[in-house]
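Chemist: Encoded as structure tokens, here's the structure I'll be asking about.
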Amino acid sequence: MIDERSSALLFKTCLAGCVLGTVATLYFLLGLAGYVYNPLPNVAVVSVLAACALFFWMRTARQAER
């Protein structure tokens with residue numbers, strides 16, 4: 001059976017994937033609507049990508065300490 005730490009990591013990974021998928025879908029729809037040159041969607045995408053990359057980088061760093 002999956003222990004509690006692995007279950008929490010799986011949940012957080014799935015949540016990060018859902019957030020990335022939602023942002024990608026919204027960016028695609030805003031691109032179709034002609035808002036690609038607006039800085040707001042671009043900043044939102046970059047911030048979400050940076051947050052997810054930081055999450056996985058911190059998670060990897062914690063696992064390396066153990």
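Identifiers in this document derive from the order of the structure tokens: chains are assigned A, B, ..., residues are numbered from 1 separately in each chain, and ligands are numbered from 1 in order of occurrence.
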Hey, what's within 8 Å of A:Val45 if we count only C-alpha atoms and toss same-chain stuff fewer than 5 positions away? As an NGL selection string, please?
Modeler: :A and (23-24 or 27)
Chemist: Next, the residues of the selection above should be written as an mmCIF file, in the first residue's frame with N, CA and C atoms.
Modeler:
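To be explicit, this is the file written out as selection13.cif:
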```cif
data_model
loop_
_atom_site.group_PDB
_atom_site.id
_atom_site.type_symbol
_atom_site.label_atom_id
_atom_site.label_comp_id
_atom_site.auth_asym_id
_atom_site.auth_seq_id
_atom_site.Cartn_x
_atom_site.Cartn_y
_atom_site.Cartn_z
ATOM 1 N N VAL A 23 -3.935 26.322 -17.133
ATOM 2 C CA VAL A 23 -3.280 27.534 -17.641
ATOM 3 C C VAL A 23 -3.004 27.407 -19.139
ATOM 4 N N ALA A 24 -2.579 26.237 -19.580
ATOM 5 C CA ALA A 24 -2.318 26.041 -21.009
ATOM 6 C C ALA A 24 -3.608 26.179 -21.826
ATOM 7 N N TYR A 27 -4.553 29.857 -21.907
ATOM 8 C CA TYR A 27 -3.642 30.591 -22.790
ATOM 9 C C TYR A 27 -3.980 30.314 -24.255
#
```
Chemist: From a DSSP calculation on the backbone, collect every residue of chain A in helix (DSSP H, G or I) and output the set as JSON, numbers by chain.
Modeler: {"A": [4, 5, 6, 7, 8, 9, 10, 11, 12, 13, 14, 15, 16, 17, 18, 19, 20, 21, 22, 23, 24, 25, 26, 27, 28, 29, 30, 31, 32, 39, 40, 41, 42, 43, 44, 45, 46, 47, 48, 49, 50, 51, 52, 53, 54, 55, 56, 57, 58, 59, 60, 61, 62, 63, 64, 65]}
Chemist: Once you have the residues from the selection above, write them out as a CSV table (one decimal), in the first residue's frame, restricted to C-alpha atoms.
Modeler:
```csv
chain,number,residue,atom,x,y,z
A,4,GLU,CA,1.3,8.7,3.4
A,5,ARG,CA,4.3,10.6,2.0
A,6,SER,CA,4.0,9.1,-1.4
A,7,SER,CA,0.3,9.7,-1.4
A,8,ALA,CA,0.8,13.4,-0.6
A,9,LEU,CA,3.4,13.7,-3.3
A,10,LEU,CA,1.1,12.0,-5.9
A,11,PHE,CA,-1.7,14.4,-4.9
A,12,LYS,CA,0.6,17.5,-5.2
A,13,THR,CA,1.9,16.3,-8.5
A,14,CYS,CA,-1.6,15.7,-9.9
A,15,LEU,CA,-2.6,19.1,-8.6
A,16,ALA,CA,0.4,20.8,-10.4
A,17,GLY,CA,-0.5,18.9,-13.6
A,18,CYS,CA,-4.1,20.1,-13.4
A,19,VAL,CA,-3.0,23.7,-12.8
A,20,LEU,CA,-0.6,23.5,-15.8
A,21,GLY,CA,-3.3,22.1,-18.0
A,22,THR,CA,-5.8,24.7,-17.0
A,23,VAL,CA,-3.3,27.5,-17.6
A,24,ALA,CA,-2.3,26.0,-21.0
A,25,THR,CA,-6.0,25.8,-22.0
A,26,LEU,CA,-6.7,29.3,-21.0
A,27,TYR,CA,-3.6,30.6,-22.8
A,28,PHE,CA,-4.7,28.7,-25.9
A,29,LEU,CA,-8.2,30.2,-25.8
A,30,LEU,CA,-6.9,33.7,-25.1
A,31,GLY,CA,-4.5,33.2,-28.1
A,32,LEU,CA,-7.4,32.3,-30.3
A,39,PRO,CA,1.3,40.9,-21.2
A,40,LEU,CA,-1.2,39.6,-18.6
A,41,PRO,CA,-1.6,36.1,-20.0
A,42,ASN,CA,2.1,35.9,-20.7
A,43,VAL,CA,3.0,36.9,-17.1
A,44,ALA,CA,0.4,34.4,-15.8
A,45,VAL,CA,1.9,31.6,-17.8
A,46,VAL,CA,5.5,32.4,-16.8
A,47,SER,CA,4.5,32.7,-13.1
A,48,VAL,CA,2.7,29.3,-13.0
A,49,LEU,CA,5.5,27.6,-14.9
A,50,ALA,CA,8.1,29.1,-12.4
A,51,ALA,CA,6.0,28.1,-9.4
A,52,CYS,CA,5.7,24.5,-10.7
A,53,ALA,CA,9.4,24.3,-11.5
A,54,LEU,CA,10.2,25.6,-8.1
A,55,PHE,CA,7.9,23.1,-6.4
A,56,PHE,CA,9.5,20.2,-8.2
A,57,TRP,CA,13.0,21.6,-7.6
A,58,MET,CA,12.4,22.0,-3.9
A,59,ARG,CA,10.9,18.5,-3.7
A,60,THR,CA,13.9,17.0,-5.4
A,61,ALA,CA,16.3,18.9,-3.1
A,62,ARG,CA,14.4,17.6,0.0
A,63,GLN,CA,14.6,14.0,-1.3
A,64,ALA,CA,18.3,14.4,-1.9
A,65,GLU,CA,18.8,15.4,1.8
```
